[in-house]
Structures are given as structure tokens and as C-alpha cells.
Amino acid sequence: MRPSPSTAKALGLYACHTCGLVSRPAREGASSCGRCGSSLRFRKTNSIERASAYLVAAYILYIPANVLPIMETQSVLGREENTIVSGVAYLWHSGSWLLALVVFIASIVVPVLKLLAMTLLLITAHYQSGWRPLERTKLYRLVELVGRWSMLDVYVVAILAALVQFHPLATVTPRSGAVYFGAVVVLSMLSAMAFDPRLIWDPTQKVSRTHE
Amino acid sequence: MRLPERRPPTNLIACDECDLLQRPIALPAGGWALCRRCDGPLYRYAPGSLDRALAFSLGAVVLFLIGVTFPIMELELQGNVTSSSLYTAVQQLWNDGLYVFAVLIAATTMLLPALELTVMLSVLLALRMWRTSTWIPKLLRLLTLARPWSMVEIFFMGVLVALVKLAHMADIVIGVALWSLGGMMVLLVATSASFNLRHLWEQVSPQ
Ligand SMILES: [Zn+2]
Ligand SMILES: [Zn+2]
């Protein structure tokens with residue numbers, strides 16, 4: 001029979017997060033990687049606390065990001081303030097359903113799901129749940145993969161503002177909602193980076209640890 | 001570099017995402033090794049040459065410089081023409097007093113991509129000339145840190161979305177910078193396909 005799988009931590013080995021070198025610590029206490037000099041830890045320091053702090057900040061800023069206008073359009077027809085939601089509604093009513101759907105998914109569904117996914121990961125990791133570790137790891141991978149893409153909206157606003165400068169006819173100016181939205185994206189990326197996905201598997205490891 | 005009594009690192013890999021220890025296996029060119037337990041990517045075998053990676057990343061630097069300074073697109077509305085490059089767009093945001101916004105855009109589309117390219121190029125050049133050097137590990141760590149924040153490809157998609165939004169209100173001429181940024185993205189993928197970080201670490205390794 002194959003011996004039950006072991007993690008680096010269970011064997012007292014450090015896996016360097018920067019260069020991947022697996023090594024045994026030289027002595028007790030702090031140690032640094034023999035190859036790249038990064039400090040070695042079994043798990044990211046205060047992972048859950050730091051990730052939660054970023055996440056809470058992201059939740060708080062999520063409110064102004066959606067309530068405040070992200071840009072202001074000025075034309076001969078008058079002044080109009082666009083929030084993220086009103087932008088999607090505008091596209092929907094003007095008949096561009098496909099584009100409306102794309103923007104709806106990129107700027108409303110993805111950010112919300114990302115915040116909820118990080119919440120789920122943090123709560124289950126905090127309570128050392130052994131629930132569906134494979135699915136939770138895949139969820140984390142998805143969050144890391146798509147998280148950055150929410151910056152899309154911020155860039156769209158910046159490009160529109162840079163180009164639509166026809167003074168009496170039409171101008172676009174970015175508004176503070178876009179900054180808050182960008183901050184939400186940055187904070188949720190920081191939260192995902194602070195989270196250590198190996199914590200998902202640690203509770204399942206306790207059982208097989210006696211082996212070896 | 002001092003080498004205290006560490007066990008030789010040779011034959012084990014720990015999964016970044018679940019910490020499972022595994023033995024590396026031989027891979028076909030371009031293949032990925034996945035974690036047995038969580039399917040996470042462990043490492044890739046990228047057999048490309050240093051010279052090819054250097055050529056690709058030099059090309060990426062040139063295209064990046066064009067992509068930042070030349071117009072992304074030109075817009076015409078009833079005889080009025082506006083055009084904007086990435087650089088002038090950021091400048092305009094700054095002049096309008098939108099400092100945080102300007103810094104966010106500048107950092108993710110200009111400063112960090114520039115850092116990423118410079119670091120990658122210097123690592124490749126240093127490896128080409130001296131095989132190894134004490135500051136390469138520091139640069140590689142910087143590269144790992146900068147990568148997630150360098151968002152040229154997302155900016156590129158943002159330009160495409162803006163194109164669709166503007167198409168109904170004005171005449172659009174696509175500028176040389178948009179093609180350059182597109183080309184730069186392709187070259188960046190080609191660069192990282194011809195070398196990978198883990199392989200670089202093994203070359204840098206004191207063992
Ligand atoms: Zn290391
Ligand atoms: Zn794994």
C-alpha cells in the first residue's frame with residue numbers, strides 16, 4: 001500500500017513560497033531560504049487575520065463604489081451621472097443585451113461573488129473545516145484568476161474620459177465611484193494574496209499525520 | 001552564501017496550494033505537472049532557450065514603449081478630433097485633480113509593467129552573461145511581487161469595451177499603440193513560455 005500523503009509542514013519541512021525550494025530548517029526559530037533568501041514559514045503569517053481585514057475594507061468600500069457615480073457625461077442634452085448599475089441598465093434599455101450582459105457579469109456579478117467566495121474561504125478556514133477541500137481550493141484558484149479582471153471598468157472610465165473631450169458637444173469626467181471601485185478590486189486582490197490556501201487542507205491532514 | 005546543515009532539496013516539491021509533498025516527474029515539452037491532490041499547477045517544463053526569451057522580451061520592451069507614448073485611438077465627432085495615449089490620459093487625469101485615479105492607472109498599466117519588463121530583461125541578460133549572480137534572486141523576488149499588479153492585458157480589454165461603447169457616437173481610428181500593446185501581450189506570453197521561474201531558480205541555485 002502506498003503511504004498516506006504527507007505535507008511539507010507535517011514533516012517539518014519548509015516550502016519556500018518564492019522559489020519553491022523544500023528544505024529542512026537549519027535551527028529552531030526563524031529561518032531563511034538557502035536559495036532565494038526569503039524568510040521561511042510553514043504558513044503565511046496571520047493569513048486569516050490579514051485577509052479578513054482587507055476583505056472587510058473591500059466590503060465597506062463596495063457601498064460607495066456602487067452608490068456613487070463612476071463618471072459624468074455632459075452633452076448638449078444635459079448632464080448625466082452614471083453609476084455602475086445605471087450603466088448596465090442603460091445598455092440593456094438601448095438594446096445592446098449582449099454587451100449589457102457582459103458588463104453586468106464583469107462589474108456586478110464577479111465582484112460580489114469574489115467577496116462572498118473570500119468570506120466562505122475565510123470562515124471555513126477559521127473554523128478548520130474539512131468540508132470539500134478540493135472544491136474550496138478550486139474556488140480560491142478562480143478568485144485569484146478572475147479577481148484582477150474587475151479593473152476593466154476602471155480602465156473603461158479612464159479611456160472614455162481621455163477621449164470624449166468635445167467641449168460643448170460631449171465630455172466625460174471620471175467621478176469618485178470609479179476610485180472606490182478600483183480600491184475594492186485592489187483590496188480584494190490583497191485579501192486573496194494574504195489568504196493561504198494550504199489552510200484549507202490542514203484540517204484534513206491531522207488524521208494522516210501519525211503516519212511517517 | 002553560507003550553507004548550513006540543510007537537507008539536500010533535490011527530489012521533493014511541495015504544492016503551493018495544499019502543501020502536499022510530491023516527486024517531480026518527467027514532462028513533455030510545454031507540459032504542466034499538476035498536484036495529485038488538488039489539481040493545482042506544480043511546475044511546467046519549458047524547454048525554450050535563453051536567447052529566445054531575451055529576443056521576445058526585448059521586442060516586448062519596444063512595443064511597450066510605443067504602446068505607452070503613441071495614440072491608442074483617435075475619435076472624430078462633427079469635425080472635432082481627439083486622440084489620447086496612455087501617457088497623456090494619465091497626465092490629464094492628474095491635471096484634473098483625480099490623483100488617486102491617475103496613480104492607480106499609471107501604476108497598473110505603466111509603472112509595474114515597466115518594472116516587470118526591466119526586471120525580466122535584466123535577469124535574462126545577467127544569466128546570459130554571467131550564468132549566475134547574487135542579485136538575481138532579489139530581482140526574481142521582485143518579479144514575483146510585481147506580476148499580479150501589471151495589468152496591460154486588462155487595459156487592452158478595457159480599450160476594446162470603450163471602442164464598442166464609442167462606436168455609435170463617433171468615428172474611430174485605431175492608433176498604433178493599441179496594436180503595440182496587443183503585440184506586447186503576445187510577446188510576454190511567448191517570453192514566459194520559453195522560460196519559467198522555477199527553472200530560473202534552479203539555475204540560480206547555489207547547489
Ligand atoms: Zn526560496
Ligand atoms: Zn496541491
# chains A, B, ... in the order shown; residues from 1 in each chain; ligands from 1
$ residues_near_ligand --ligand "ligand 2" --cutoff "10 Å" --atoms "only C-alpha atoms and all ligand atoms" --output "MDAnalysis selection string"
(chainID A and resid 7 134 137 197:198 201) or (chainID B and resid 14:22 34:42)
$ select_by_dssp --residues "stretch 39-74 of chain A" --states "alpha helix (DSSP H)" --output "list in words"
Ser47, Ile48, Glu49, Arg50, Ala51, Ser52, Ala53, Tyr54, Leu55, Val56, Ala57, Ala58, Tyr59, Ile60, Leu61, Tyr62, Ile63, Pro64, Ala65, Asn66 and Val67 of chain A
$ residues_near_ligand --ligand "ligand 1" --cutoff "6 Å" --atoms "only C-alpha atoms and all ligand atoms" --output "number ranges by chain"
A: 16, 18-21, 33, 35-38
$ interface_residues --of "chain A" --to "chain B" --cutoff "8 Å" --atoms "only C-alpha atoms" --output "short mmCIF file (atom, residue, chain, number, x, y, z; two decimals) with N, CA, C and O atoms, in the first residue's frame"
data_model
loop_
_atom_site.label_atom_id
_atom_site.label_comp_id
_atom_site.auth_asym_id
_atom_site.auth_seq_id
_atom_site.Cartn_x
_atom_site.Cartn_y
_atom_site.Cartn_z
N PRO A 5 -0.42 10.42 1.97
CA PRO A 5 0.32 11.61 1.54
C PRO A 5 0.69 12.50 2.71
O PRO A 5 -0.04 12.61 3.69
N SER A 6 1.86 13.12 2.60
CA SER A 6 2.32 14.00 3.65
C SER A 6 2.53 15.41 3.11
O SER A 6 2.93 15.57 1.98
N THR A 7 2.28 16.38 3.96
CA THR A 7 2.59 17.74 3.55
C THR A 7 3.97 18.10 4.07
O THR A 7 4.52 17.45 4.96
N ALA A 8 4.53 19.18 3.49
CA ALA A 8 5.84 19.64 3.92
C ALA A 8 5.80 19.98 5.41
O ALA A 8 6.68 19.61 6.18
N LYS A 9 4.71 20.66 5.82
CA LYS A 9 4.60 21.08 7.22
C LYS A 9 4.59 19.88 8.16
O LYS A 9 5.24 19.88 9.21
N ALA A 15 8.51 24.83 2.69
CA ALA A 15 8.44 25.02 1.24
C ALA A 15 8.52 26.52 1.00
O ALA A 15 7.66 27.26 1.47
N HIS A 17 7.96 29.98 -0.40
CA HIS A 17 6.83 30.48 -1.19
C HIS A 17 7.31 31.21 -2.44
O HIS A 17 6.58 31.33 -3.41
N THR A 18 8.55 31.70 -2.41
CA THR A 18 9.03 32.47 -3.56
C THR A 18 9.62 31.55 -4.63
O THR A 18 9.28 31.65 -5.80
N CYS A 19 10.51 30.63 -4.23
CA CYS A 19 11.21 29.85 -5.25
C CYS A 19 10.86 28.38 -5.23
O CYS A 19 11.28 27.63 -6.10
N GLY A 20 10.09 27.94 -4.25
CA GLY A 20 9.61 26.56 -4.25
C GLY A 20 10.56 25.55 -3.64
O GLY A 20 10.23 24.37 -3.54
N LEU A 21 11.75 25.99 -3.20
CA LEU A 21 12.70 25.05 -2.60
C LEU A 21 12.14 24.45 -1.31
O LEU A 21 11.62 25.16 -0.46
N VAL A 22 12.21 23.12 -1.22
CA VAL A 22 11.78 22.45 0.02
C VAL A 22 13.01 22.15 0.84
O VAL A 22 13.93 21.48 0.39
N SER A 23 13.06 22.68 2.06
CA SER A 23 14.27 22.47 2.85
C SER A 23 13.92 22.28 4.33
O SER A 23 12.84 22.65 4.79
N ARG A 24 14.87 21.67 5.03
CA ARG A 24 14.71 21.49 6.47
C ARG A 24 15.30 22.73 7.15
O ARG A 24 16.35 23.19 6.76
N PRO A 25 14.60 23.28 8.14
CA PRO A 25 15.13 24.47 8.80
C PRO A 25 16.47 24.17 9.48
O PRO A 25 16.67 23.08 10.01
N ALA A 26 17.36 25.15 9.41
CA ALA A 26 18.70 24.94 9.96
C ALA A 26 18.64 24.73 11.47
O ALA A 26 19.18 23.78 12.00
N GLY A 34 17.64 28.93 1.58
CA GLY A 34 19.02 28.82 1.15
C GLY A 34 19.22 29.23 -0.30
O GLY A 34 20.34 29.51 -0.72
N ARG A 35 18.16 29.26 -1.06
CA ARG A 35 18.30 29.59 -2.48
C ARG A 35 17.98 31.05 -2.77
O ARG A 35 18.70 31.71 -3.47
N CYS A 36 16.87 31.55 -2.21
CA CYS A 36 16.45 32.89 -2.62
C CYS A 36 16.45 33.88 -1.46
O CYS A 36 16.23 35.06 -1.67
N GLY A 37 16.69 33.43 -0.24
CA GLY A 37 16.79 34.36 0.87
C GLY A 37 15.46 34.79 1.47
O GLY A 37 15.44 35.54 2.43
N LEU A 134 -11.25 20.15 -1.95
CA LEU A 134 -10.91 20.27 -3.37
C LEU A 134 -11.70 21.40 -4.03
O LEU A 134 -11.16 22.25 -4.73
N THR A 137 -10.49 24.76 -2.84
CA THR A 137 -9.23 25.16 -3.48
C THR A 137 -9.49 25.68 -4.89
O THR A 137 -8.91 26.67 -5.32
N LYS A 138 -10.42 25.00 -5.59
CA LYS A 138 -10.74 25.44 -6.95
C LYS A 138 -11.40 26.81 -6.92
O LYS A 138 -11.16 27.65 -7.79
N ARG A 148 -8.41 40.14 -10.82
CA ARG A 148 -7.81 41.31 -11.43
C ARG A 148 -8.71 41.90 -12.52
O ARG A 148 -8.67 43.08 -12.81
N TRP A 149 -9.51 41.03 -13.15
CA TRP A 149 -10.26 41.48 -14.33
C TRP A 149 -11.34 42.49 -14.02
O TRP A 149 -11.86 43.15 -14.92
N MET A 151 -10.84 45.21 -12.81
CA MET A 151 -10.27 46.52 -13.09
C MET A 151 -10.75 47.05 -14.45
O MET A 151 -10.59 48.23 -14.76
N LEU A 152 -11.32 46.16 -15.24
CA LEU A 152 -11.80 46.51 -16.58
C LEU A 152 -12.60 47.81 -16.58
O LEU A 152 -12.35 48.71 -17.37
N ASP A 153 -13.56 47.91 -15.67
CA ASP A 153 -14.44 49.08 -15.63
C ASP A 153 -13.68 50.37 -15.36
O ASP A 153 -13.99 51.42 -15.92
N TYR A 155 -10.64 51.01 -16.15
CA TYR A 155 -9.94 51.40 -17.37
C TYR A 155 -10.89 51.99 -18.40
O TYR A 155 -10.55 52.95 -19.08
N VAL A 156 -12.08 51.39 -18.51
CA VAL A 156 -13.04 51.91 -19.48
C VAL A 156 -13.36 53.37 -19.17
O VAL A 156 -13.34 54.24 -20.05
N ALA A 158 -11.47 55.51 -17.57
CA ALA A 158 -10.29 56.34 -17.85
C ALA A 158 -10.15 56.61 -19.34
O ALA A 158 -9.85 57.74 -19.74
N ILE A 159 -10.40 55.59 -20.16
CA ILE A 159 -10.26 55.77 -21.61
C ILE A 159 -11.34 56.70 -22.15
O ILE A 159 -11.07 57.61 -22.94
N LEU A 160 -12.58 56.49 -21.70
CA LEU A 160 -13.67 57.36 -22.14
C LEU A 160 -13.37 58.80 -21.76
O LEU A 160 -13.54 59.72 -22.55
N ALA A 162 -10.52 60.19 -21.27
CA ALA A 162 -9.39 60.74 -22.02
C ALA A 162 -9.82 61.13 -23.43
O ALA A 162 -9.33 62.11 -23.98
N LEU A 163 -10.74 60.37 -24.02
CA LEU A 163 -11.07 60.59 -25.42
C LEU A 163 -12.27 61.50 -25.65
O LEU A 163 -12.29 62.29 -26.58
N VAL A 164 -13.29 61.35 -24.82
CA VAL A 164 -14.51 62.12 -25.07
C VAL A 164 -14.35 63.51 -24.46
O VAL A 164 -14.73 63.77 -23.33
N GLN A 165 -13.68 64.38 -25.19
CA GLN A 165 -13.41 65.75 -24.74
C GLN A 165 -13.80 66.73 -25.83
O GLN A 165 -13.01 67.55 -26.27
N PHE A 166 -15.05 66.64 -26.27
CA PHE A 166 -15.54 67.56 -27.30
C PHE A 166 -16.34 68.63 -26.60
O PHE A 166 -17.51 68.44 -26.29
N ALA A 178 -15.57 55.52 -9.33
CA ALA A 178 -14.59 54.70 -10.05
C ALA A 178 -13.36 54.43 -9.18
O ALA A 178 -12.79 53.33 -9.22
N VAL A 179 -12.97 55.43 -8.39
CA VAL A 179 -11.82 55.25 -7.50
C VAL A 179 -12.14 54.20 -6.43
O VAL A 179 -11.35 53.31 -6.14
N GLY A 182 -12.08 50.83 -7.98
CA GLY A 182 -10.69 50.37 -8.11
C GLY A 182 -10.13 49.90 -6.78
O GLY A 182 -9.43 48.89 -6.70
N ASP A 196 -3.94 31.95 2.76
CA ASP A 196 -3.07 30.82 2.47
C ASP A 196 -3.93 29.59 2.16
O ASP A 196 -4.56 29.02 3.06
N PRO A 197 -4.00 29.17 0.88
CA PRO A 197 -4.90 28.07 0.52
C PRO A 197 -4.52 26.75 1.19
O PRO A 197 -5.35 25.84 1.27
N ARG A 198 -3.29 26.67 1.70
CA ARG A 198 -2.88 25.43 2.37
C ARG A 198 -3.65 25.22 3.67
O ARG A 198 -3.76 24.09 4.15
N LEU A 199 -4.22 26.33 4.21
CA LEU A 199 -5.03 26.20 5.42
C LEU A 199 -6.28 25.37 5.16
O LEU A 199 -6.85 24.79 6.08
N ILE A 200 -6.74 25.34 3.89
CA ILE A 200 -7.92 24.55 3.54
C ILE A 200 -7.65 23.08 3.80
O ILE A 200 -8.52 22.33 4.22
N TRP A 201 -6.39 22.66 3.56
CA TRP A 201 -6.06 21.24 3.63
C TRP A 201 -5.54 20.81 4.98
O TRP A 201 -5.51 19.62 5.28
N ASP A 202 -5.11 21.76 5.79
CA ASP A 202 -4.52 21.39 7.07
C ASP A 202 -5.43 20.55 7.96
O ASP A 202 -4.96 19.57 8.56
#
$ select_by_dssp --residues "stretch 17-140 of chain A" --states "strand (DSSP E or B)" --output "list in words"
Val22, Ser23, Ser32, Ser39, Met71, Glu72, Thr73, Gln74, Ser75, Gly78, Arg79, Glu80, Glu81 and Asn82 of chain A
$ write_last_selection --atoms "all heavy atoms" --output "short mmCIF file (atom, residue, chain, number, x, y, z; two decimals), in the first residue's frame"
data_model
loop_
_atom_site.label_atom_id
_atom_site.label_comp_id
_atom_site.auth_asym_id
_atom_site.auth_seq_id
_atom_site.Cartn_x
_atom_site.Cartn_y
_atom_site.Cartn_z
N VAL A 22 12.21 23.12 -1.22
CA VAL A 22 11.78 22.45 0.02
C VAL A 22 13.01 22.15 0.84
O VAL A 22 13.93 21.48 0.39
CB VAL A 22 11.02 21.15 -0.31
CG1 VAL A 22 10.67 20.41 0.96
CG2 VAL A 22 9.77 21.46 -1.10
N SER A 23 13.06 22.68 2.06
CA SER A 23 14.27 22.47 2.85
C SER A 23 13.92 22.28 4.33
O SER A 23 12.84 22.65 4.79
CB SER A 23 15.22 23.66 2.70
OG SER A 23 14.59 24.84 3.12
N SER A 32 15.81 31.32 6.85
CA SER A 32 15.59 31.88 5.53
C SER A 32 16.02 30.89 4.45
O SER A 32 16.87 30.03 4.68
CB SER A 32 16.33 33.21 5.37
OG SER A 32 17.71 32.99 5.50
N SER A 39 12.23 34.74 3.80
CA SER A 39 12.08 34.12 5.10
C SER A 39 11.10 32.95 4.97
O SER A 39 10.15 33.00 4.21
CB SER A 39 11.58 35.14 6.13
OG SER A 39 10.37 35.68 5.70
N MET A 71 -18.86 57.96 -13.42
CA MET A 71 -18.49 59.01 -14.36
C MET A 71 -19.68 59.92 -14.63
O MET A 71 -20.81 59.60 -14.34
CB MET A 71 -17.93 58.43 -15.65
CG MET A 71 -18.92 57.62 -16.45
SD MET A 71 -18.10 56.96 -17.91
CE MET A 71 -19.50 56.42 -18.86
N GLU A 72 -19.33 61.09 -15.22
CA GLU A 72 -20.34 62.10 -15.51
C GLU A 72 -20.26 62.40 -16.99
O GLU A 72 -19.19 62.68 -17.52
CB GLU A 72 -20.02 63.34 -14.69
CG GLU A 72 -21.04 64.43 -14.79
CD GLU A 72 -20.56 65.66 -14.02
OE1 GLU A 72 -20.37 65.55 -12.79
OE2 GLU A 72 -20.38 66.71 -14.65
N THR A 73 -21.39 62.30 -17.65
CA THR A 73 -21.42 62.61 -19.08
C THR A 73 -22.12 63.94 -19.27
O THR A 73 -23.22 64.15 -18.77
CB THR A 73 -22.21 61.53 -19.86
OG1 THR A 73 -21.88 60.26 -19.30
CG2 THR A 73 -21.87 61.55 -21.31
N GLN A 74 -21.46 64.85 -19.98
CA GLN A 74 -22.05 66.15 -20.22
C GLN A 74 -22.22 66.31 -21.73
O GLN A 74 -21.28 66.11 -22.49
CB GLN A 74 -21.12 67.24 -19.69
CG GLN A 74 -21.85 68.47 -19.27
CD GLN A 74 -21.11 69.18 -18.14
OE1 GLN A 74 -19.95 68.88 -17.88
NE2 GLN A 74 -21.77 70.12 -17.50
N SER A 75 -23.44 66.64 -22.14
CA SER A 75 -23.66 66.83 -23.57
C SER A 75 -24.66 67.95 -23.76
O SER A 75 -25.13 68.55 -22.78
CB SER A 75 -24.16 65.53 -24.21
OG SER A 75 -25.48 65.28 -23.76
N GLY A 78 -27.68 67.75 -21.73
CA GLY A 78 -27.63 67.97 -20.29
C GLY A 78 -26.57 67.12 -19.63
O GLY A 78 -25.74 66.50 -20.29
N ARG A 79 -26.63 67.11 -18.30
CA ARG A 79 -25.62 66.40 -17.53
C ARG A 79 -26.20 65.09 -17.01
O ARG A 79 -27.35 65.05 -16.58
CB ARG A 79 -25.21 67.26 -16.33
CG ARG A 79 -23.74 67.55 -16.26
CD ARG A 79 -23.46 68.36 -15.04
NE ARG A 79 -24.09 67.76 -13.86
CZ ARG A 79 -23.70 67.99 -12.62
NH1 ARG A 79 -22.69 68.79 -12.39
NH2 ARG A 79 -24.31 67.41 -11.60
N GLU A 80 -25.37 64.08 -17.02
CA GLU A 80 -25.88 62.78 -16.58
C GLU A 80 -24.81 62.08 -15.75
O GLU A 80 -23.65 62.06 -16.14
CB GLU A 80 -26.18 61.94 -17.83
CG GLU A 80 -27.09 60.77 -17.59
CD GLU A 80 -27.20 59.90 -18.84
OE1 GLU A 80 -27.18 60.47 -19.95
OE2 GLU A 80 -27.28 58.68 -18.69
N GLU A 81 -25.20 61.56 -14.60
CA GLU A 81 -24.25 60.82 -13.78
C GLU A 81 -24.51 59.34 -13.92
O GLU A 81 -25.65 58.89 -13.82
CB GLU A 81 -24.37 61.27 -12.32
CG GLU A 81 -23.83 62.66 -12.10
CD GLU A 81 -23.81 63.05 -10.63
OE1 GLU A 81 -24.71 62.58 -9.91
OE2 GLU A 81 -22.92 63.79 -10.23
N ASN A 82 -23.44 58.58 -14.18
CA ASN A 82 -23.59 57.15 -14.35
C ASN A 82 -22.99 56.38 -13.18
O ASN A 82 -21.84 56.58 -12.84
CB ASN A 82 -22.86 56.68 -15.62
CG ASN A 82 -23.27 57.49 -16.83
OD1 ASN A 82 -22.64 58.49 -17.15
ND2 ASN A 82 -24.34 57.07 -17.47
#
$ residues_around --residues "A:Thr124" --least-positions-apart "6" --cutoff "10 Å" --atoms "only C-alpha atoms" --output "list in words"
Met118, Gly130, Trp131, Pro133, Arg136, Leu199 and Ile200 of chain A
$ write_last_selection --atoms "N, CA and C atoms" --output "mmCIF file, in the first residue's frame"
data_model
loop_
_atom_site.group_PDB
_atom_site.id
_atom_site.type_symbol
_atom_site.label_atom_id
_atom_site.label_comp_id
_atom_site.auth_asym_id
_atom_site.auth_seq_id
_atom_site.Cartn_x
_atom_site.Cartn_y
_atom_site.Cartn_z
ATOM 1 N N MET A 118 -14.478 34.813 -0.891
ATOM 2 C CA MET A 118 -13.433 35.023 0.117
ATOM 3 C C MET A 118 -14.009 34.875 1.524
ATOM 4 N N GLY A 130 -13.247 20.708 7.421
ATOM 5 C CA GLY A 130 -12.697 19.763 6.463
ATOM 6 C C GLY A 130 -13.620 19.573 5.278
ATOM 7 N N TRP A 131 -14.553 20.521 5.124
ATOM 8 C CA TRP A 131 -15.615 20.409 4.119
ATOM 9 C C TRP A 131 -15.093 20.654 2.708
ATOM 10 N N PRO A 133 -12.542 20.158 0.567
ATOM 11 C CA PRO A 133 -11.312 20.942 0.347
ATOM 12 C C PRO A 133 -10.978 21.144 -1.129
ATOM 13 N N ARG A 136 -13.118 23.919 -2.525
ATOM 14 C CA ARG A 136 -12.724 25.223 -1.982
ATOM 15 C C ARG A 136 -11.408 25.699 -2.590
ATOM 16 N N LEU A 199 -4.218 26.330 4.205
ATOM 17 C CA LEU A 199 -5.031 26.205 5.420
ATOM 18 C C LEU A 199 -6.285 25.373 5.159
ATOM 19 N N ILE A 200 -6.735 25.344 3.892
ATOM 20 C CA ILE A 200 -7.916 24.554 3.539
ATOM 21 C C ILE A 200 -7.648 23.076 3.797
#
$ closest_residue --among "B:Val152, B:Leu27, B:Met184, B:Ala53" --to "B:Val123" --atoms "only C-alpha atoms"
B:Ala53
$ atom_distance --atom1 "atom CA of B:Ala33" --atom2 "atom CA of A:Tyr14"
20.6 Å
$ residues_around --residues "A:Tyr54" --least-positions-apart "6" --cutoff "9 Å" --atoms "only C-alpha atoms" --output "ChimeraX atom specification"
/A:187-192,194
$ closest_residue --among "A:Leu122, A:Val157, A:Ala183, A:Leu68" --to "A:Arg50" --atoms "only C-alpha atoms"
A:Leu122
$ residues_around --residues "B:Gly59" --least-positions-apart "3" --cutoff "8 Å" --atoms "only C-alpha atoms" --output "count of residues only"
6
$ atom_distance --atom1 "atom CA of A:His126" --atom2 "atom CA of A:Ser31"
26.1 Å
$ decode --residues "stretch 39-83 of chain A" --atoms "C-alpha atoms" --output "compact mmCIF listing (two decimals), in the first residue's frame"
# COMPACT_ATOMS: atom_id res chain seq x y z
CA SER A 39 12.08 34.12 5.10
CA LEU A 40 10.62 30.67 5.58
CA ARG A 41 7.31 29.98 7.26
CA PHE A 42 5.10 26.93 7.33
CA ARG A 43 2.07 29.10 6.54
CA LYS A 44 1.64 32.75 5.63
CA THR A 45 1.85 34.80 8.84
CA ASN A 46 -1.53 35.83 10.28
CA SER A 47 -3.08 34.80 7.00
CA ILE A 48 -6.71 34.74 8.14
CA GLU A 49 -6.46 37.99 10.11
CA ARG A 50 -4.82 39.94 7.30
CA ALA A 51 -7.11 38.52 4.61
CA SER A 52 -10.19 39.32 6.74
CA ALA A 53 -9.04 42.89 7.33
CA TYR A 54 -8.64 43.52 3.59
CA LEU A 55 -11.95 41.82 2.94
CA VAL A 56 -13.87 43.93 5.46
CA ALA A 57 -12.34 47.08 3.95
CA ALA A 58 -13.40 45.86 0.50
CA TYR A 59 -16.99 45.26 1.71
CA ILE A 60 -17.14 48.77 3.17
CA LEU A 61 -15.83 50.46 0.03
CA TYR A 62 -18.12 48.33 -2.11
CA ILE A 63 -21.02 50.52 -0.98
CA PRO A 64 -19.71 53.89 -2.26
CA ALA A 65 -18.35 52.10 -5.33
CA ASN A 66 -21.90 51.22 -6.33
CA VAL A 67 -23.86 54.16 -4.90
CA LEU A 68 -21.62 56.99 -6.13
CA PRO A 69 -21.39 57.81 -9.83
CA ILE A 70 -18.34 56.39 -11.63
CA MET A 71 -18.49 59.01 -14.36
CA GLU A 72 -20.34 62.10 -15.51
CA THR A 73 -21.42 62.61 -19.08
CA GLN A 74 -22.05 66.15 -20.22
CA SER A 75 -23.66 66.83 -23.57
CA VAL A 76 -25.98 69.28 -25.29
CA LEU A 77 -28.82 67.23 -23.80
CA GLY A 78 -27.63 67.97 -20.29
CA ARG A 79 -25.62 66.40 -17.53
CA GLU A 80 -25.88 62.78 -16.58
CA GLU A 81 -24.25 60.82 -13.78
CA ASN A 82 -23.59 57.15 -14.35
CA THR A 83 -23.27 54.57 -11.62
